[in-house]
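A.B. asks: Structure provided below as structure tokens; questions to follow.
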Amino acid sequence: MSKLKELTCIVCPQGCRIKAIKKSGKHEIEGHGCKRGSEYALKETTNPERTLTTSIKVIDGELPLASVKTSKPIAKKKIKEVMKKIKAIKIKAPVQHGAIIIKNICNTKADLIATKKINKKRR
Amino acid sequence: MMEKDLVVIGGGPAGLAAALKAREKGLKDILIVERGDHLGGILNQCIHDGFGVEIFKQALTGPEYAHRYIEEVNEGNIECITNATVTELSKDRILKIVSPMGFLKIKAKAVVLTTGCRERTREMIKIPGTRPAGVYTAGCVQNLMNLGGRMPGKKVVILGSGDIGLIMARRLTLEGAQVLAVLELLPYSNGLKRNIVQCLEDYDIPLMLSHTVVEIKGAKRLASVKIARVDENLKPIKASERMLKCDTLLLSVGLIPENELAEKAGVEMDEKTGGPCVNEFNETSVEGIYAAGNALQVHDLADWATLEGENAGLHAAEYAIRGVRGNRKLKTAAGNGVRQLVPQYYSGKQDLLLTLRVSKPEKNKNLIIRDGDRMIKKTFHKELIPSEMIRLKMTKEEIENTGGLTADVEA
Amino acid sequence: MPEKTYDVAIIGAGVVGCSVARELSRFKLSIAVVEKESDVAEGASGANSGVIHTGFKEPKLSLKALYCSEGNRRFPEIARELDVPYKKVGTYTVGETIEDLKKLEKLKEAGEAAGAIGLRILEEKELKQREPHVKGNFALLAPEGGITDPHEYTIALAENAAQNGVIFYFNNEVKKIKRKDGLYTLDSGKTKIKAKIVVNSAGVQAGKIAELAGNRKHAVNACRGEYLVLDKKTSNLITGMIYPMPPEKTGGIGVHLTPTIGGNIIIGPTAEYINCLEDTSTTAERISELVDGARFLVPEINPKHVIHEYSGLRAKTVKAGEANKGDFIIEENPGMFIQLIGIESPGLTAAPVIADKVREIVGRHLKLEPNKKFNPKRNKRLKFSQLSDAEKEELIKKNPDYGIVVCRCEQVTKGEIIESLRNPLGVGTLKGIRIRTRAGMGRCQGSFCMPKIMEIFRELNIKELTLKGCESSICVRDLR
């Protein structure tokens, strides 16, 4: 039984159309134009990862939300769980730029980091 | 009347870079006028990453990229006023500024216009139908969500597959909206492939090429949009019309450089870029007034807008300190297949960076720079796309004996 | 359900309804205005050209002609009292050929016979001096044609009426009308408003209202007029109103250009009978027709200059294709129900005269004792962009909110927006802010200032920002 996944490579503007065929437990990559492309295709097929950028609720801040990101790409399939966790949390102002909000969020090995400084609300 | 060496109008990436470079060149009395609450410009609402890949070799989020420059500005004690809007700029560089601290009148030795751009609206593209709530430009929604913390709607149709539309498709989906489709008028998307994959494919959002919205329906709030396929002349095909029920229509249909101040100051404008005509010093046709960033031409990378700002700041400082000016002796021109070219003037006395955009996607073509019939430079490109700005470095030797430069795309 | 009783209830808060309200508030009467939408001028009163007509083009001796010419004479005084802008910009009907010139001369004669003053034929030289961007060789100039801001006017009438005691009910669409013991009951499903006398100034819905009250004689047909608004960059292209030669084949006045008080140019209106009494869509065909018509008169106009499209519905007592143009119908129905039917152009100009007629009718049934506290004056809102530098400086010192520009296209400050929310009618919608301050009327059509206005609402602890009342919320919830 072979499983076929088709994808467009995003490593360079060429955008090679790559086929990743799973045959007896191994992946064969076809259609790539370079090594980076085949590495990307393999990763996308076996363990796709994404950097998540979103916002977290801030209490008493000059803005209602602080923008956050994962310190490194996380497994794509973990995104839903991580978003759910982020949506449920509130943090208090002030928020420092680069502050670690949550270490190893949802066991992804990535930290959730604040990407924006939020001062306390001006009275 | 207050006097300043340099006033930078707009504290986004280009403006911050201009101010910093001017300070580096020794200019003392610099003022950045920013109409927002904070410095950073549009970057403050661009919470996605991909900024700084060229300059910092990292993919930072918008706020992180802005932070680097803002920190430097703070450390350099460069004066800034926020919530301040320049309402008038005269030819002799007298500025009128409305700010909560007062109504200010400032005479500047030099001015850098880094006023960014605004979005093309539903009304500008003339989509017929009713005028309900729920029809918004992508940047407006980005602001509402990322700075305002509000959700604009539940069921979304996006018109325009440029990067901002794609980024918002993902953002809305992650926040619980149902994005029904991204429609694109052209037969190809102007967005980065990375965004097509990570914003649409990841979330199974259909990309409908050669489609557009032909009618908006809904009395108080958007109820549905009528969409249609378009023909090769981009005209809607009546037989293909169908309705999509939705409560939000997001428009990502183009950016327009913001130049009301420049125009009123009598600056020569380029119809194709929507921005001022500048020389290699980023100098406009009005002495002492410089332009850079999205106000000069819409950029796809903040990194390039930043470098443009640096160039403007550098030369604005040289002018303010030593009265050094460039000239407008020689002209550049966008030829076949080239939509726009900046700078519009050059001297031939130094290296020249040409930035240009092609009119349509091309594969395996040459970009040729000529002086009349004489070919000066030829570069081969496997792929040329309108959404990717092309930067061509010409050396002084290549251009010093030219009488003008034209850029053409040829087989 | 809340129930209140009034001497007079007026259905419809358009320019006529609000004129009637103001007129009746000169007397000791309890008055209510019942409006289906969330603000005044939501119908034709807010979707017209803003022209104060002379009336000489209306059918001779019609109510339209008589009320319009009288309204035109009275407008300057009313505009002063209510601090509403008014500019006599003049009307140019432009022609190219000698045949056109002959037709213009005939129009001039007809106009003079109908009482128009100052009509002049212009030769090419003078036309070019006055209107250098207009394409044409001859023109008929009617110098008395003027413009106002129809939103501002209706708001001023309503605010003055409210200050003089009139109660406004918004978001109350009259669904049932009953009569018992000498009182009418107007039932919106939310409120029951009882009144001795009812005035039906419901515009395009007036036929429906008349029917609810038992009068089935008045069929009102909707004739839609679409408009385009041009970027202020083009405002130097015309100074007066520019009309083409009256189209012979299609009738009507043709696509024309009107400068607005706000500094834009509007193109239109078109005229199209439609079946639905609520459909204020714009259409691709008419948009195209308007652009072409505009470029015919001023070739420098470009589709790229269009920043806004809108449409309004005329209340017509006639049907499509009828030769008879139809006239105002002001009818007393025993009870007392006063029907104001078919108030289309020149309704804006005729409004004060219609209000007088209503007052006369009311006066025959109720005692009109003068309201000694009546104050005819209303002061306009401050427009920051129109202040001098010194005035701006002074104002910001007093209140720093005037130093924060919220709408950058129209230079509208935070102070003005907050002030506009303190209006005597209690209107707090985005559209309400727009028509009172101009925020959102510029080339970016609110895409920059709308999030800022939402912030202001948050600061002021106002729960919901809607475009125009219930069911038109801008956002659906908070993100977190």
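Letters A, B, ... mark the chains of the structure tokens in the order given; residue numbers begin at 1 per chain; ligand numbers begin at 1, in order shown.
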Could you list, as a VMD selection string, the residues of chain B having an atom within 7 Å of chain C when counting only C-alpha atoms?

C.D. replies: chain B and resid 83 to 85 98 to 103 121 123 to 124 128 to 130 133 to 134 137 140 143 to 144 149 to 153 220 to 221

A.B. asks: Generate a file of the selected residues that holds C-alpha atoms, formatted as a PDB file, in the first residue's frame.

C.D. replies:
```pdb
ATOM      1  CA  ASN B  83      -1.082  60.945  18.671  1.00  0.00           C
ATOM      2  CA  ALA B  84       0.150  63.835  16.544  1.00  0.00           C
ATOM      3  CA  THR B  85      -1.009  64.454  12.987  1.00  0.00           C
ATOM      4  CA  VAL B  98      -2.319  68.796  15.652  1.00  0.00           C
ATOM      5  CA  SER B  99      -1.433  67.027  18.875  1.00  0.00           C
ATOM      6  CA  PRO B 100      -2.962  66.682  22.335  1.00  0.00           C
ATOM      7  CA  MET B 101      -0.029  68.720  23.615  1.00  0.00           C
ATOM      8  CA  GLY B 102      -1.058  71.620  21.442  1.00  0.00           C
ATOM      9  CA  PHE B 103      -1.243  73.007  17.950  1.00  0.00           C
ATOM     10  CA  THR B 121     -11.902  50.230  -0.527  1.00  0.00           C
ATOM     11  CA  GLU B 123     -16.250  51.799  -3.023  1.00  0.00           C
ATOM     12  CA  MET B 124     -13.110  52.369  -5.085  1.00  0.00           C
ATOM     13  CA  PRO B 128     -22.586  47.163  -6.392  1.00  0.00           C
ATOM     14  CA  GLY B 129     -25.211  46.298  -3.824  1.00  0.00           C
ATOM     15  CA  THR B 130     -26.246  47.491  -0.419  1.00  0.00           C
ATOM     16  CA  ALA B 133     -22.155  46.467   8.317  1.00  0.00           C
ATOM     17  CA  GLY B 134     -19.692  43.634   7.766  1.00  0.00           C
ATOM     18  CA  THR B 137     -10.754  46.152   4.423  1.00  0.00           C
ATOM     19  CA  CYS B 140      -9.024  47.435   9.269  1.00  0.00           C
ATOM     20  CA  ASN B 143      -6.449  46.393  13.542  1.00  0.00           C
ATOM     21  CA  LEU B 144      -9.818  45.474  15.083  1.00  0.00           C
ATOM     22  CA  GLY B 149      -9.288  42.526  20.518  1.00  0.00           C
ATOM     23  CA  ARG B 150     -12.598  42.235  18.633  1.00  0.00           C
ATOM     24  CA  MET B 151     -13.973  39.618  16.314  1.00  0.00           C
ATOM     25  CA  PRO B 152     -15.519  41.202  13.196  1.00  0.00           C
ATOM     26  CA  GLY B 153     -17.747  38.303  12.167  1.00  0.00           C
ATOM     27  CA  LYS B 220     -28.264  46.051   8.239  1.00  0.00           C
ATOM     28  CA  ARG B 221     -25.499  43.449   8.301  1.00  0.00           C
TER      29      ARG B 221
END
```

A.B. asks: Select, as a list in words, those residues of chain A with any atom no more than 12 Å from chain C (distances computed using only C-alpha atoms).

C.D. replies: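 Applying the cut-off to the listed atoms yields Thr54, Ser55, Ile56, Lys57, Val58, Ile59, Glu62, Leu63, Pro64, Leu65, Ala66, Met83, Lys84, Lys85, Ile86, Lys87, Ala88, Ile89, Lys90, Ile91, Lys121, Arg122 and Arg123 of chain A.
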
A.B. asks: For chain B against chain A, which residues fall within 7 Å using only C-alpha atoms, given as a list of chain:residue names?

C.D. replies: B:Ile47, B:His48, B:Pro63, B:Glu64, B:Leu147, B:Gly148, B:Gly149, B:Lys193, B:Arg194

A.B. asks: Would you please give, as a PyMOL selection string, all residues of range 44-207 of chain B that DSSP assigns to strand (DSSP E) based on the backbone?

C.D. replies: chain B and resi 49-51+60-61+79-81+85-89+94-99+102-113+117-119+135-137+150-151+155-159+178-184+207

A.B. asks: Could the residues in this selection be written to a file with C-alpha atoms, as a PDB file, in the first residue's frame?

C.D. replies:
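Result saved to out-v3.pdb:
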```pdb
ATOM      1  CA  ASP B  49       6.224  36.603  11.418  1.00  0.00           C
ATOM      2  CA  GLY B  50       8.398  36.983   8.339  1.00  0.00           C
ATOM      3  CA  PHE B  51       9.859  40.415   9.077  1.00  0.00           C
ATOM      4  CA  LEU B  60      10.481  38.208  13.422  1.00  0.00           C
ATOM      5  CA  THR B  61       6.919  39.279  14.071  1.00  0.00           C
ATOM      6  CA  GLU B  79      12.397  63.182  20.106  1.00  0.00           C
ATOM      7  CA  CYS B  80       9.008  61.735  19.182  1.00  0.00           C
ATOM      8  CA  ILE B  81       5.455  62.901  19.547  1.00  0.00           C
ATOM      9  CA  THR B  85      -1.009  64.454  12.987  1.00  0.00           C
ATOM     10  CA  VAL B  86       0.669  66.714  10.450  1.00  0.00           C
ATOM     11  CA  THR B  87      -2.234  68.545   8.829  1.00  0.00           C
ATOM     12  CA  GLU B  88      -0.224  70.834   6.576  1.00  0.00           C
ATOM     13  CA  LEU B  89       3.180  70.807   4.944  1.00  0.00           C
ATOM     14  CA  ILE B  94       6.596  74.659   7.506  1.00  0.00           C
ATOM     15  CA  LEU B  95       4.547  72.008   9.242  1.00  0.00           C
ATOM     16  CA  LYS B  96       1.306  72.386  11.130  1.00  0.00           C
ATOM     17  CA  ILE B  97       0.773  69.616  13.631  1.00  0.00           C
ATOM     18  CA  VAL B  98      -2.319  68.796  15.652  1.00  0.00           C
ATOM     19  CA  SER B  99      -1.433  67.027  18.875  1.00  0.00           C
ATOM     20  CA  GLY B 102      -1.058  71.620  21.442  1.00  0.00           C
ATOM     21  CA  PHE B 103      -1.243  73.007  17.950  1.00  0.00           C
ATOM     22  CA  LEU B 104       2.337  73.133  16.729  1.00  0.00           C
ATOM     23  CA  LYS B 105       3.955  75.065  13.936  1.00  0.00           C
ATOM     24  CA  ILE B 106       7.436  73.907  13.022  1.00  0.00           C
ATOM     25  CA  LYS B 107       9.941  75.049  10.430  1.00  0.00           C
ATOM     26  CA  ALA B 108      12.151  72.147   9.370  1.00  0.00           C
ATOM     27  CA  LYS B 109      15.445  72.212   7.484  1.00  0.00           C
ATOM     28  CA  ALA B 110      14.480  68.859   6.010  1.00  0.00           C
ATOM     29  CA  VAL B 111      11.404  66.636   6.021  1.00  0.00           C
ATOM     30  CA  VAL B 112      11.136  62.918   5.376  1.00  0.00           C
ATOM     31  CA  LEU B 113       7.704  61.695   4.314  1.00  0.00           C
ATOM     32  CA  CYS B 117      -0.201  53.722   2.676  1.00  0.00           C
ATOM     33  CA  ARG B 118      -3.899  53.114   2.902  1.00  0.00           C
ATOM     34  CA  GLU B 119      -6.167  50.398   1.525  1.00  0.00           C
ATOM     35  CA  VAL B 135     -17.760  44.896   4.734  1.00  0.00           C
ATOM     36  CA  TYR B 136     -14.231  45.744   5.826  1.00  0.00           C
ATOM     37  CA  THR B 137     -10.754  46.152   4.423  1.00  0.00           C
ATOM     38  CA  ARG B 150     -12.598  42.235  18.633  1.00  0.00           C
ATOM     39  CA  MET B 151     -13.973  39.618  16.314  1.00  0.00           C
ATOM     40  CA  LYS B 155     -18.654  33.587   8.320  1.00  0.00           C
ATOM     41  CA  VAL B 156     -16.118  35.283   6.125  1.00  0.00           C
ATOM     42  CA  VAL B 157     -15.469  35.664   2.413  1.00  0.00           C
ATOM     43  CA  ILE B 158     -12.155  37.247   1.451  1.00  0.00           C
ATOM     44  CA  LEU B 159     -11.682  39.112  -1.818  1.00  0.00           C
ATOM     45  CA  GLN B 178     -15.403  30.097   9.162  1.00  0.00           C
ATOM     46  CA  VAL B 179     -13.557  31.427   6.140  1.00  0.00           C
ATOM     47  CA  LEU B 180     -15.609  30.201   3.191  1.00  0.00           C
ATOM     48  CA  ALA B 181     -13.201  31.105   0.420  1.00  0.00           C
ATOM     49  CA  VAL B 182     -10.521  33.478  -0.782  1.00  0.00           C
ATOM     50  CA  LEU B 183     -11.470  34.923  -4.160  1.00  0.00           C
ATOM     51  CA  GLU B 184      -8.856  36.261  -6.544  1.00  0.00           C
ATOM     52  CA  LEU B 207      -8.650  29.627  -3.251  1.00  0.00           C
TER      53      LEU B 207
END
```

A.B. asks: Which neighbours of Lys87 in chain C fall inside 12 Å, counting only C-alpha atoms, when residues of the same chain fewer than 4 positions from it are skipped, and could you give them as number ranges by chain?

C.D. replies: C: 50-53, 75-76, 79-80, 91, 143-149, 239-241, 258-263

A.B. asks: Apply DSSP to the backbone of this structure and, from range 128-258 of chain B, keep only the residues in alpha helix (DSSP H); write these as a PyMOL selection string.

C.D. replies: chain B and resi 138-146+163-174+193-195

A.B. asks: So, with only C-alpha atoms as the atoms that count, which of C:Phe337, C:Gly428, C:Tyr184, C:Val134 lies closest to Tyr243 in chain C?

C.D. replies: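 Of the candidates, the smallest distance to Tyr243 in chain C is held by C:Val134.
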
A.B. asks: Between CA of Gly95 in chain C and CA of Arg224 in chain C, what is the distance, to one decimal in Å?

C.D. replies: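 For CA of Gly95 in chain C relative to CA of Arg224 in chain C, the distance reads 26.8 Å.
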
A.B. asks: Using only C-alpha atoms, which residue out of B:Asn44, B:Val409, B:Ser387, B:Arg339 lies closest to Lys365 in chain B?

C.D. replies: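 The closest residue to Lys365 in chain B is B:Val409.
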